[in-house]
$ cat structure-v9.cif   # mmCIF, C-alpha atoms
data_entry
loop_
_atom_site.label_atom_id
_atom_site.label_comp_id
_atom_site.auth_asym_id
_atom_site.auth_seq_id
_atom_site.Cartn_x
_atom_site.Cartn_y
_atom_site.Cartn_z
CA MET A 1 196.43 27.58 58.68
CA GLU A 2 196.05 31.24 59.55
CA THR A 3 193.00 31.96 61.67
CA THR A 4 191.35 35.03 63.10
CA GLU A 5 190.07 35.12 66.66
CA PHE A 6 186.30 35.21 66.78
CA GLU A 7 184.40 35.28 70.03
CA THR A 8 180.68 34.80 70.25
CA ASP A 9 178.75 37.58 71.95
CA LEU A 10 175.04 36.93 71.84
CA SER A 11 174.27 40.61 72.36
CA LEU A 12 175.73 41.27 68.92
CA PHE A 13 173.30 39.00 67.16
CA LYS A 14 169.96 39.81 68.72
CA TYR A 15 167.57 42.12 66.95
CA ASP A 16 166.01 44.35 69.57
CA HIS A 17 163.35 45.87 67.33
CA LEU A 18 160.97 42.99 66.66
CA GLU A 19 157.81 44.72 65.52
CA GLN A 20 154.48 43.05 64.97
CA LEU A 21 152.06 43.91 62.18
CA PRO A 22 149.81 46.78 63.28
CA SER A 23 146.18 45.78 63.71
CA GLU A 24 144.95 48.03 60.89
CA TYR A 25 146.89 45.92 58.38
CA ARG A 26 145.72 42.51 59.53
CA GLU A 27 142.37 42.41 57.73
CA LEU A 28 143.34 43.91 54.37
CA GLU A 29 141.60 42.34 51.40
CA GLU A 30 143.83 41.32 48.49
CA ASP A 31 142.54 43.96 46.06
CA GLU A 32 143.08 46.80 48.52
CA ARG A 33 146.45 45.45 49.60
CA THR A 34 147.65 45.08 46.02
CA GLU A 35 146.63 48.63 45.19
CA ARG A 36 148.37 50.03 48.27
CA ILE A 37 151.57 48.07 47.58
CA GLU A 38 151.64 49.27 43.97
CA ASP A 39 150.99 52.87 45.04
CA ALA A 40 153.82 52.73 47.59
CA LEU A 41 156.22 51.20 45.05
CA GLU A 42 155.36 53.92 42.54
CA ILE A 43 156.11 56.63 45.09
CA LEU A 44 159.37 55.02 46.23
CA GLY A 45 160.50 54.35 42.68
CA ASP A 46 164.18 53.49 42.31
CA ASP A 47 164.75 54.06 46.02
CA VAL A 48 163.55 50.53 46.75
CA VAL A 49 164.15 47.06 45.30
CA VAL A 50 161.90 44.16 46.32
CA LEU A 51 163.34 40.64 46.35
CA GLY A 52 161.18 37.51 46.30
CA HIS A 53 162.64 34.11 47.06
CA ASN A 54 161.58 31.18 44.89
CA TYR A 55 159.71 29.73 47.86
CA GLN A 56 157.59 32.79 48.50
CA ARG A 57 153.89 32.84 47.82
CA ARG A 58 152.43 34.39 44.66
CA GLU A 59 151.23 37.52 46.47
CA ILE A 60 154.85 38.38 47.28
CA VAL A 61 156.67 37.41 44.08
CA GLU A 62 154.22 39.29 41.88
CA HIS A 63 155.53 42.52 43.43
CA ALA A 64 159.20 41.52 43.35
CA ASP A 65 161.76 43.13 41.09
CA PHE A 66 163.77 39.91 41.20
CA VAL A 67 162.75 36.31 41.99
CA GLY A 68 165.44 33.72 42.67
CA ASP A 69 167.53 31.88 45.25
CA SER A 70 168.99 33.48 48.35
CA TYR A 71 172.49 34.41 47.26
CA GLY A 72 171.46 35.31 43.73
CA LEU A 73 168.95 37.77 45.15
CA SER A 74 171.57 39.31 47.43
CA ARG A 75 173.79 39.89 44.42
CA GLU A 76 170.92 41.55 42.56
CA ALA A 77 170.42 43.84 45.54
CA ALA A 78 174.11 44.74 45.59
CA ALA A 79 174.02 45.52 41.88
CA ALA A 80 170.94 47.71 42.26
CA ASP A 81 171.37 51.36 43.19
CA ALA A 82 168.44 51.30 45.61
CA GLU A 83 168.55 52.87 49.05
CA TYR A 84 166.23 50.20 50.45
CA VAL A 85 166.26 46.44 49.90
CA VAL A 86 163.03 44.72 50.99
CA PHE A 87 163.77 41.01 51.16
CA GLY A 88 160.84 38.61 50.85
CA GLY A 89 162.80 35.75 52.37
CA VAL A 90 164.08 34.70 55.78
CA THR A 91 166.53 36.16 58.27
CA PHE A 92 169.75 34.56 57.01
CA MET A 93 168.97 35.76 53.48
CA ALA A 94 168.46 39.33 54.62
CA GLU A 95 171.72 39.09 56.58
CA SER A 96 173.55 37.92 53.45
CA ALA A 97 172.12 40.87 51.55
CA ASP A 98 173.33 43.24 54.26
CA ILE A 99 176.79 41.68 54.13
CA ILE A 100 177.33 42.24 50.41
CA THR A 101 175.36 45.44 49.76
CA ASP A 102 176.86 48.91 50.16
CA ASP A 103 176.86 50.59 53.56
CA ASP A 104 174.37 53.18 52.33
CA GLN A 105 171.81 50.50 51.47
CA THR A 106 169.34 49.40 54.14
CA VAL A 107 167.96 45.86 54.21
CA ILE A 108 164.44 45.30 55.52
CA LEU A 109 162.80 41.98 56.36
CA PRO A 110 159.00 42.48 56.35
CA SER A 111 158.50 40.09 59.28
CA MET A 112 161.15 39.29 61.87
CA GLU A 113 159.34 36.01 62.54
CA ALA A 114 160.68 34.62 59.25
CA SER A 115 163.58 32.60 60.64
CA CYS A 116 164.80 29.45 58.85
CA PRO A 117 164.52 26.36 61.14
CA MET A 118 167.57 24.71 59.53
CA ALA A 119 169.71 27.80 60.14
CA GLY A 120 168.57 27.66 63.76
CA MET A 121 169.90 24.11 64.06
CA ALA A 122 173.47 25.43 64.11
CA GLU A 123 173.72 28.56 66.22
CA ALA A 124 176.98 30.16 67.30
CA LEU A 125 177.19 29.04 70.95
CA GLN A 126 176.27 25.49 70.01
CA VAL A 127 178.88 25.40 67.23
CA ASP A 128 181.54 26.90 69.51
CA ALA A 129 181.00 24.07 72.01
CA ALA A 130 180.98 21.42 69.28
CA TRP A 131 184.18 22.82 67.77
CA GLU A 132 185.98 22.30 71.08
CA GLU A 133 184.82 18.67 71.24
CA ILE A 134 185.60 17.95 67.59
CA THR A 135 189.09 19.46 67.64
CA ALA A 136 189.80 17.60 70.89
CA ALA A 137 188.70 14.33 69.25
CA ALA A 138 191.17 14.87 66.39
CA PRO A 139 193.96 16.97 67.96
CA ASP A 140 196.47 16.33 65.19
CA ALA A 141 194.11 17.10 62.30
CA GLU A 142 193.58 20.40 60.50
CA ILE A 143 189.78 20.76 60.37
CA VAL A 144 188.22 23.21 57.92
CA PRO A 145 184.60 24.27 58.60
CA ILE A 146 182.19 24.90 55.74
CA THR A 147 178.76 26.35 56.24
CA TYR A 148 175.92 26.16 53.78
CA MET A 149 174.54 29.52 52.66
CA ASN A 150 171.44 28.67 54.70
CA SER A 151 173.02 29.75 57.98
CA TYR A 152 173.24 32.86 60.11
CA ALA A 153 175.91 35.49 59.63
CA ASP A 154 177.62 34.54 62.90
CA LEU A 155 178.21 30.99 61.63
CA LYS A 156 179.59 32.33 58.34
CA ALA A 157 181.91 34.52 60.40
CA PHE A 158 182.97 31.58 62.57
CA CYS A 159 183.88 29.51 59.52
CA ALA A 160 186.00 32.36 58.14
CA SER A 161 187.76 32.74 61.47
CA GLN A 162 188.76 29.07 61.36
CA GLY A 163 189.99 29.17 57.76
CA GLY A 164 186.75 27.94 56.22
CA LEU A 165 184.17 29.28 53.81
CA VAL A 166 180.55 29.32 52.67
CA CYS A 167 179.00 27.20 49.92
CA THR A 168 175.76 26.95 47.98
CA SER A 169 173.99 23.78 46.94
CA SER A 170 175.54 24.22 43.49
CA ASN A 171 179.18 24.53 44.55
CA ALA A 172 179.31 22.41 47.72
CA HIS A 173 181.52 19.81 45.99
CA GLU A 174 184.00 22.51 45.00
CA ALA A 175 184.01 23.88 48.54
CA PHE A 176 184.73 20.40 49.92
CA GLU A 177 187.63 19.96 47.51
CA TRP A 178 188.97 23.43 48.38
CA ALA A 179 188.85 22.63 52.09
CA LEU A 180 190.48 19.20 51.75
CA GLU A 181 193.34 20.75 49.79
CA ARG A 182 194.01 22.98 52.79
CA GLY A 183 193.23 20.67 55.68
CA ASP A 184 192.71 17.07 56.72
CA LYS A 185 189.02 17.09 57.53
CA VAL A 186 185.84 19.04 56.81
CA LEU A 187 183.14 19.98 59.29
CA PHE A 188 180.02 20.73 57.23
CA LEU A 189 177.07 22.60 58.71
CA PRO A 190 174.12 22.63 59.03
CA ASP A 191 172.55 20.34 56.36
CA LYS A 192 173.45 16.67 56.72
CA HIS A 193 171.62 15.66 53.54
CA LEU A 194 173.47 18.12 51.33
CA GLY A 195 176.67 16.97 53.02
CA GLU A 196 175.93 13.31 52.37
CA ASN A 197 174.92 13.92 48.76
CA THR A 198 178.10 15.93 48.21
CA ALA A 199 180.20 13.14 49.74
CA HIS A 200 178.66 10.67 47.28
CA ARG A 201 179.36 13.02 44.40
CA LEU A 202 183.01 13.12 45.40
CA GLY A 203 183.24 9.35 45.94
CA MET A 204 183.72 9.87 49.68
CA ALA A 205 180.57 8.24 51.03
CA ASP A 206 182.63 5.99 53.31
CA GLU A 207 184.45 8.98 54.79
CA THR A 208 181.46 10.55 56.56
CA VAL A 209 180.59 10.63 60.23
CA ALA A 210 177.50 12.26 61.76
CA TRP A 211 177.74 14.83 64.55
CA ASP A 212 174.53 15.22 66.53
CA PRO A 213 174.93 18.12 68.98
CA TRP A 214 171.67 17.19 70.73
CA ASP A 215 172.55 13.58 71.45
CA PRO A 216 175.46 12.81 73.80
CA GLU A 217 175.62 9.32 72.30
CA GLY A 218 175.40 10.63 68.75
CA LYS A 219 179.00 11.86 68.75
CA ASP A 220 181.72 9.29 68.24
CA ALA A 221 185.15 10.81 68.92
CA GLU A 222 186.90 7.75 67.54
CA GLU A 223 185.04 8.01 64.23
CA VAL A 224 185.72 11.74 64.07
CA ALA A 225 189.42 10.93 64.31
CA GLU A 226 189.12 8.36 61.50
CA LYS A 227 186.77 10.01 58.99
CA ASP A 228 187.40 12.99 56.73
CA LEU A 229 183.90 14.48 56.51
CA ILE A 230 182.01 15.43 59.68
CA LEU A 231 178.35 16.20 58.94
CA TRP A 232 176.26 18.27 61.34
CA ASN A 233 172.84 16.79 62.08
CA GLY A 234 170.68 19.55 60.63
CA TYR A 235 168.11 19.43 57.85
CA CYS A 236 165.44 21.31 55.94
CA GLN A 237 162.00 20.35 57.21
CA VAL A 238 160.50 20.76 53.75
CA HIS A 239 163.02 18.63 51.86
CA GLU A 240 163.37 15.93 54.50
CA ARG A 241 159.67 15.20 54.04
CA PHE A 242 160.25 13.70 50.58
CA SER A 243 160.75 9.94 50.46
CA GLU A 244 161.75 7.33 47.93
CA ALA A 245 158.12 6.13 48.10
CA HIS A 246 157.01 9.47 46.66
CA VAL A 247 159.26 8.96 43.65
CA GLU A 248 158.03 5.38 43.23
CA GLN A 249 154.40 6.56 43.40
CA VAL A 250 155.00 9.16 40.69
CA ARG A 251 156.69 6.52 38.52
CA GLU A 252 153.65 4.28 38.94
CA ASP A 253 150.95 6.94 38.48
CA ARG A 254 152.71 9.02 35.85
CA PRO A 255 155.25 6.87 34.00
CA GLU A 256 155.86 9.67 31.51
CA ALA A 257 156.98 12.06 34.27
CA ASN A 258 160.54 13.11 35.01
CA VAL A 259 161.59 13.84 38.58
CA VAL A 260 163.79 16.74 39.67
CA VAL A 261 164.72 17.22 43.34
CA HIS A 262 166.81 19.52 45.49
CA PRO A 263 170.07 18.16 47.02
CA GLU A 264 168.72 18.96 50.49
CA CYS A 265 166.57 15.83 50.04
CA ARG A 266 167.48 12.47 51.59
CA ARG A 267 170.09 10.40 49.80
CA GLU A 268 167.62 7.74 48.60
CA VAL A 269 165.40 10.43 47.04
CA VAL A 270 168.35 11.96 45.20
CA GLU A 271 169.38 8.53 43.91
CA ALA A 272 165.86 7.87 42.60
CA ALA A 273 165.48 11.22 40.79
CA ASP A 274 166.27 12.01 37.16
CA VAL A 275 167.76 15.44 37.88
CA VAL A 276 169.20 16.92 41.09
CA GLY A 277 169.98 20.57 41.58
CA SER A 278 169.46 23.92 43.26
CA THR A 279 166.30 25.99 42.86
CA ALA A 280 167.99 27.68 39.91
CA THR A 281 168.61 24.27 38.31
CA ILE A 282 165.02 23.22 38.96
CA ARG A 283 163.76 26.42 37.32
CA GLU A 284 166.07 25.95 34.33
CA THR A 285 165.03 22.30 33.96
CA VAL A 286 161.37 23.20 33.62
CA ALA A 287 162.08 26.27 31.48
CA ASN A 288 164.05 24.11 29.04
CA ALA A 289 161.53 21.26 28.96
CA ASP A 290 159.71 20.47 25.73
CA PRO A 291 156.01 21.36 25.55
CA GLY A 292 153.90 18.51 26.86
CA GLU A 293 156.57 17.11 29.17
CA THR A 294 155.65 16.31 32.77
CA TRP A 295 157.98 17.16 35.65
CA ALA A 296 157.50 16.17 39.28
CA ILE A 297 159.14 18.76 41.52
CA GLY A 298 160.81 17.75 44.78
CA THR A 299 161.11 21.07 46.56
CA GLU A 300 158.96 23.67 48.34
CA ILE A 301 155.39 23.74 47.04
CA HIS A 302 155.30 27.43 46.10
CA LEU A 303 158.10 26.98 43.57
CA ALA A 304 156.21 24.10 41.98
CA ASN A 305 153.14 26.35 41.74
CA HIS A 306 155.17 29.22 40.28
CA LEU A 307 156.67 26.93 37.66
CA GLN A 308 153.24 25.78 36.54
CA ARG A 309 152.11 29.42 36.14
CA TRP A 310 155.33 30.48 34.42
CA HIS A 311 155.41 27.49 32.05
CA PRO A 312 151.84 26.41 31.25
CA GLU A 313 153.09 24.40 28.26
CA VAL A 314 154.77 21.97 30.70
CA GLU A 315 152.83 19.93 33.25
CA VAL A 316 154.34 20.54 36.68
CA VAL A 317 153.26 18.37 39.61
CA PRO A 318 154.44 18.38 43.24
CA LEU A 319 156.43 15.22 43.97
CA CYS A 320 154.42 14.31 47.06
CA GLY A 321 151.07 15.63 45.84
CA ASP A 322 148.78 17.12 48.46
CA ALA A 323 151.24 16.11 51.20
CA CYS A 324 153.87 18.62 49.97
CA MET A 325 154.56 21.46 52.39
CA ASP A 326 155.30 25.12 52.19
CA CYS A 327 158.17 26.62 54.17
CA ASN A 328 156.94 27.66 57.62
CA ALA A 329 159.51 30.44 57.79
CA MET A 330 158.64 31.89 54.37
CA ARG A 331 154.99 31.78 55.38
CA GLN A 332 155.71 34.46 58.00
CA ILE A 333 156.17 37.02 55.23
CA ASP A 334 152.47 37.69 54.90
CA PRO A 335 151.82 40.12 52.01
CA ASN A 336 150.16 42.46 54.51
CA TYR A 337 153.62 42.87 56.07
CA LEU A 338 154.94 43.92 52.67
CA ALA A 339 152.25 46.60 52.42
CA TRP A 340 153.12 47.83 55.91
CA VAL A 341 156.90 48.18 55.53
CA LEU A 342 156.54 49.86 52.13
CA GLU A 343 153.99 52.39 53.38
CA GLU A 344 156.21 53.07 56.38
CA LEU A 345 159.09 53.83 54.00
CA VAL A 346 156.84 56.25 52.14
CA ALA A 347 156.20 57.93 55.51
CA GLY A 348 159.96 58.09 56.18
CA ARG A 349 160.07 55.29 58.76
CA GLU A 350 162.25 52.17 58.59
CA ARG A 351 160.81 48.99 60.05
CA ASN A 352 162.47 45.62 60.72
CA VAL A 353 165.93 46.62 59.58
CA ILE A 354 168.48 43.79 59.37
CA GLU A 355 171.97 44.97 60.21
CA VAL A 356 174.94 42.66 60.69
CA THR A 357 177.57 44.03 63.07
CA PRO A 358 180.79 45.31 61.46
CA GLU A 359 183.00 42.66 63.10
CA GLU A 360 180.72 39.86 62.00
CA LYS A 361 180.19 41.37 58.56
CA ASP A 362 183.90 41.52 57.75
CA LEU A 363 184.45 37.86 58.60
CA ALA A 364 181.27 36.65 56.90
CA GLU A 365 182.24 38.57 53.78
CA LEU A 366 185.63 36.85 53.87
CA ALA A 367 183.87 33.46 53.91
CA LEU A 368 181.83 34.53 50.90
CA GLU A 369 184.90 35.83 49.08
CA ARG A 370 186.60 32.46 49.53
CA MET A 371 183.55 30.85 47.95
CA LEU A 372 183.64 33.22 45.00
CA GLU A 373 187.31 32.34 44.41
CA LEU A 374 186.13 28.85 43.50
#

$ encode --input "structure-v9.cif" --output "structure tokens"
Amino acid sequence: METTEFETDLSLFKYDHLEQLPSEYRELEEDERTERIEDALEILGDDVVVLGHNYQRREIVEHADFVGDSYGLSREAAAADAEYVVFGGVTFMAESADIITDDDQTVILPSMEASCPMAGMAEALQVDAAWEEITAAAPDAEIVPITYMNSYADLKAFCASQGGLVCTSSNAHEAFEWALERGDKVLFLPDKHLGENTAHRLGMADETVAWDPWDPEGKDAEEVAEKDLILWNGYCQVHERFSEAHVEQVREDRPEANVVVHPECRREVVEAADVVGSTATIRETVANADPGETWAIGTEIHLANHLQRWHPEVEVVPLCGDACMDCNAMRQIDPNYLAWVLEELVAGRERNVIEVTPEEKDLAELALERMLEL
């Protein structure tokens, strides 16, 4: 397998312009904020495109030109002829947008505090060290790394450098098959639940071994040598919260309800659901439902709320009721931040620019191109 040398340099990946929301924006009332955002968008016109992830709050998505999942939004940004891309998402999403948009487009993340916890569970230095241990445990095996889209650009670049690629929750099974055609084993990062659910889909449940980088006893070199799928011990804090008991409670309380969950959920939750799929699949499921149907949604609470607003003819309920969580990282994109960065653009100032280094961008783009070949 042909590989490209890739060395981790932390100085390349740190953003040195972390700016906090100015005090004059912190107490804005919703009516005033909405008016100021709309005024700024009118002035900026086609020079700006605003992206709102499915998990963002209403006050963000109502101003978005496009609402969707992370990679779909990045593709919309690349297709738009806007000078500025304001991404209502988290850091890895803004990085992906910077990777695939033109060089003359600038990507802005309203708040630099919006950093996905799951992406942070597999950072470059940590993965570099694990790679040495894993390859030493299986010295005669060709190991192909795959990273979920929910990861930082440096991890995408690392996977490309080692002959691997990126995947989404929709095409993870195809990525696994692609990798196993080219190598002996797969290292999948950072979401263990998506990895396990993909293994079951491929009939390879018995071929998995967990790799816990935080636990010296949670790494079995002998099993790594024996198994074909090595799953990194990362997870989404929102989706891991769902349990089989939540599904059982919905079945008891609302026997007419159908259950749709994201594949980042635990295996037993996925097995108990009626439909499993990405945020796009969840949206399509509700959009295609017959009037009067009831759907329990096993994903981030804001998407469940959006779906109820967008499709009032369908009853949409959160799978775990009042216990369902929002995404802590998405929460950092307060709508007051959106007002600030837009008004700064009107004034000719760029705030919280996300810029992936050229070396990293080239490799990360290669990992994405390999995914698109699927």

$ atom_distance --input "structure-v9.cif" --atom1 "atom CA of Met325 of chain A" --atom2 "atom CA of Val238 of chain A"
6.1 Å

$ residues_around --input "structure-v9.cif" --residues "segment 272-283 of chain A" --least-positions-apart "2" --cutoff "7 Å" --atoms "all atoms listed in the file" --output "VMD selection string"
chain A and resid 69 169 to 170 244 247 258 to 263 268 to 270 285 to 287

$ resolve_selection --input "structure-v9.cif" --expression "the PyMOL selection byres ((chain A and resi 195-209) around 9)" --output "PyMOL selection string"
chain A and resi 169+172-173+176-177+188-194+210-211+219-220+223-224+226-232+263-267+270

$ write_last_selection --input "structure-v9.cif" --atoms "C-alpha atoms" --output "short mmCIF file (atom, residue, chain, number, x, y, z; two decimals), in the frame of the given file"
data_model
loop_
_atom_site.label_atom_id
_atom_site.label_comp_id
_atom_site.auth_asym_id
_atom_site.auth_seq_id
_atom_site.Cartn_x
_atom_site.Cartn_y
_atom_site.Cartn_z
CA SER A 169 173.99 23.78 46.94
CA ALA A 172 179.31 22.41 47.72
CA HIS A 173 181.52 19.81 45.99
CA PHE A 176 184.73 20.40 49.92
CA GLU A 177 187.63 19.96 47.51
CA PHE A 188 180.02 20.73 57.23
CA LEU A 189 177.07 22.60 58.71
CA PRO A 190 174.12 22.63 59.03
CA ASP A 191 172.55 20.34 56.36
CA LYS A 192 173.45 16.67 56.72
CA HIS A 193 171.62 15.66 53.54
CA LEU A 194 173.47 18.12 51.33
CA ALA A 210 177.50 12.26 61.76
CA TRP A 211 177.74 14.83 64.55
CA LYS A 219 179.00 11.86 68.75
CA ASP A 220 181.72 9.29 68.24
CA GLU A 223 185.04 8.01 64.23
CA VAL A 224 185.72 11.74 64.07
CA GLU A 226 189.12 8.36 61.50
CA LYS A 227 186.77 10.01 58.99
CA ASP A 228 187.40 12.99 56.73
CA LEU A 229 183.90 14.48 56.51
CA ILE A 230 182.01 15.43 59.68
CA LEU A 231 178.35 16.20 58.94
CA TRP A 232 176.26 18.27 61.34
CA PRO A 263 170.07 18.16 47.02
CA GLU A 264 168.72 18.96 50.49
CA CYS A 265 166.57 15.83 50.04
CA ARG A 266 167.48 12.47 51.59
CA ARG A 267 170.09 10.40 49.80
CA VAL A 270 168.35 11.96 45.20
#

$ resolve_selection --input "structure-v9.cif" --expression "the PyMOL selection byres ((chain A and resi 343) around 10)" --output "PyMOL selection string"
chain A and resi 36-37+39-41+43-44+337-342+344-350

$ resolve_selection --input "structure-v9.cif" --expression "the PyMOL selection byres ((chain A and resi 66) around 8)" --output "number ranges by chain"
A: 50-52, 64-65, 67-68, 73, 76

$ residues_around --input "structure-v9.cif" --residues "Phe158 of chain A" --least-positions-apart "5" --cutoff "12 Å" --atoms "only C-alpha atoms" --output "CSV table (one decimal) with C-alpha atoms, in the frame of the given file"
chain,number,residue,atom,x,y,z
A,3,THR,CA,193.0,32.0,61.7
A,4,THR,CA,191.4,35.0,63.1
A,5,GLU,CA,190.1,35.1,66.7
A,6,PHE,CA,186.3,35.2,66.8
A,7,GLU,CA,184.4,35.3,70.0
A,8,THR,CA,180.7,34.8,70.2
A,9,ASP,CA,178.8,37.6,72.0
A,122,ALA,CA,173.5,25.4,64.1
A,123,GLU,CA,173.7,28.6,66.2
A,124,ALA,CA,177.0,30.2,67.3
A,125,LEU,CA,177.2,29.0,71.0
A,126,GLN,CA,176.3,25.5,70.0
A,127,VAL,CA,178.9,25.4,67.2
A,128,ASP,CA,181.5,26.9,69.5
A,131,TRP,CA,184.2,22.8,67.8
A,144,VAL,CA,188.2,23.2,57.9
A,145,PRO,CA,184.6,24.3,58.6
A,146,ILE,CA,182.2,24.9,55.7
A,147,THR,CA,178.8,26.4,56.2
A,151,SER,CA,173.0,29.8,58.0
A,152,TYR,CA,173.2,32.9,60.1
A,153,ALA,CA,175.9,35.5,59.6
A,163,GLY,CA,190.0,29.2,57.8
A,164,GLY,CA,186.8,27.9,56.2
A,165,LEU,CA,184.2,29.3,53.8
A,166,VAL,CA,180.6,29.3,52.7
A,189,LEU,CA,177.1,22.6,58.7
A,359,GLU,CA,183.0,42.7,63.1
A,360,GLU,CA,180.7,39.9,62.0
A,361,LYS,CA,180.2,41.4,58.6
A,362,ASP,CA,183.9,41.5,57.8
A,363,LEU,CA,184.4,37.9,58.6
A,364,ALA,CA,181.3,36.6,56.9
A,365,GLU,CA,182.2,38.6,53.8
A,366,LEU,CA,185.6,36.8,53.9
A,367,ALA,CA,183.9,33.5,53.9

$ closest_residue --input "structure-v9.cif" --among "A:Asp253, A:Glu369, A:Glu83, A:Glu300" --to "His53 of chain A" --atoms "only C-alpha atoms"
A:Glu300

$ closest_residue --input "structure-v9.cif" --among "A:Asp98, A:Glu181, A:Glu59, A:Glu32" --to "Arg75 of chain A" --atoms "only C-alpha atoms"
A:Asp98

$ atom_distance --input "structure-v9.cif" --atom1 "atom CA of Ser74 of chain A" --atom2 "atom CA of Phe87 of chain A"
8.8 Å

$ residues_around --input "structure-v9.cif" --residues "Ala141 of chain A" --least-positions-apart "4" --cutoff "12 Å" --atoms "all atoms listed in the file" --output "VMD selection string"
chain A and resid 1 134 to 137 180 182 to 187 224 to 228

$ write_last_selection --input "structure-v9.cif" --atoms "C-alpha atoms" --output "mmCIF file, keeping the file's coordinate frame"
data_model
loop_
_atom_site.group_PDB
_atom_site.id
_atom_site.type_symbol
_atom_site.label_atom_id
_atom_site.label_comp_id
_atom_site.auth_asym_id
_atom_site.auth_seq_id
_atom_site.Cartn_x
_atom_site.Cartn_y
_atom_site.Cartn_z
ATOM 1 C CA MET A 1 196.430 27.580 58.680
ATOM 2 C CA ILE A 134 185.600 17.950 67.590
ATOM 3 C CA THR A 135 189.090 19.460 67.640
ATOM 4 C CA ALA A 136 189.800 17.600 70.890
ATOM 5 C CA ALA A 137 188.700 14.330 69.250
ATOM 6 C CA LEU A 180 190.480 19.200 51.750
ATOM 7 C CA ARG A 182 194.010 22.980 52.790
ATOM 8 C CA GLY A 183 193.230 20.670 55.680
ATOM 9 C CA ASP A 184 192.710 17.070 56.720
ATOM 10 C CA LYS A 185 189.020 17.090 57.530
ATOM 11 C CA VAL A 186 185.840 19.040 56.810
ATOM 12 C CA LEU A 187 183.140 19.980 59.290
ATOM 13 C CA VAL A 224 185.720 11.740 64.070
ATOM 14 C CA ALA A 225 189.420 10.930 64.310
ATOM 15 C CA GLU A 226 189.120 8.360 61.500
ATOM 16 C CA LYS A 227 186.770 10.010 58.990
ATOM 17 C CA ASP A 228 187.400 12.990 56.730
#

$ atom_distance --input "structure-v9.cif" --atom1 "atom CA of Glu24 of chain A" --atom2 "atom CA of Ile60 of chain A"
19.4 Å

$ closest_residue --input "structure-v9.cif" --among "A:Trp178, A:Glu113, A:Thr168, A:Leu319" --to "Glu373 of chain A" --atoms "all atoms listed in the file"
A:Trp178

$ residues_around --input "structure-v9.cif" --residues "Thr91 of chain A" --least-positions-apart "3" --cutoff "8 Å" --atoms "only C-alpha atoms" --output "number ranges by chain"
A: 94-95, 109, 112, 114-116, 152, 354

$ write_last_selection --input "structure-v9.cif" --atoms "C-alpha atoms" --output "PDB file, in the frame of the given file"
ATOM      1  CA  ALA A  94     168.460  39.330  54.620  1.00  0.00           C
ATOM      2  CA  GLU A  95     171.720  39.090  56.580  1.00  0.00           C
ATOM      3  CA  LEU A 109     162.800  41.980  56.360  1.00  0.00           C
ATOM      4  CA  MET A 112     161.150  39.290  61.870  1.00  0.00           C
ATOM      5  CA  ALA A 114     160.680  34.620  59.250  1.00  0.00           C
ATOM      6  CA  SER A 115     163.580  32.600  60.640  1.00  0.00           C
ATOM      7  CA  CYS A 116     164.800  29.450  58.850  1.00  0.00           C
ATOM      8  CA  TYR A 152     173.240  32.860  60.110  1.00  0.00           C
ATOM      9  CA  ILE A 354     168.480  43.790  59.370  1.00  0.00           C
TER      10      ILE A 354
END

$ closest_residue --input "structure-v9.cif" --among "A:Ala130, A:Ile301, A:Val61, A:Trp214" --to "Cys327 of chain A" --atoms "only C-alpha atoms"
A:Ile301

$ closest_residue --input "structure-v9.cif" --among "A:Ala138, A:Val353, A:Arg58, A:Thr101" --to "Leu307 of chain A" --atoms "only C-alpha atoms"
A:Arg58

$ closest_residue --input "structure-v9.cif" --among "A:Gln237, A:Ser111, A:Asn336, A:Asn352" --to "Glu35 of chain A" --atoms "only C-alpha atoms"
A:Asn336
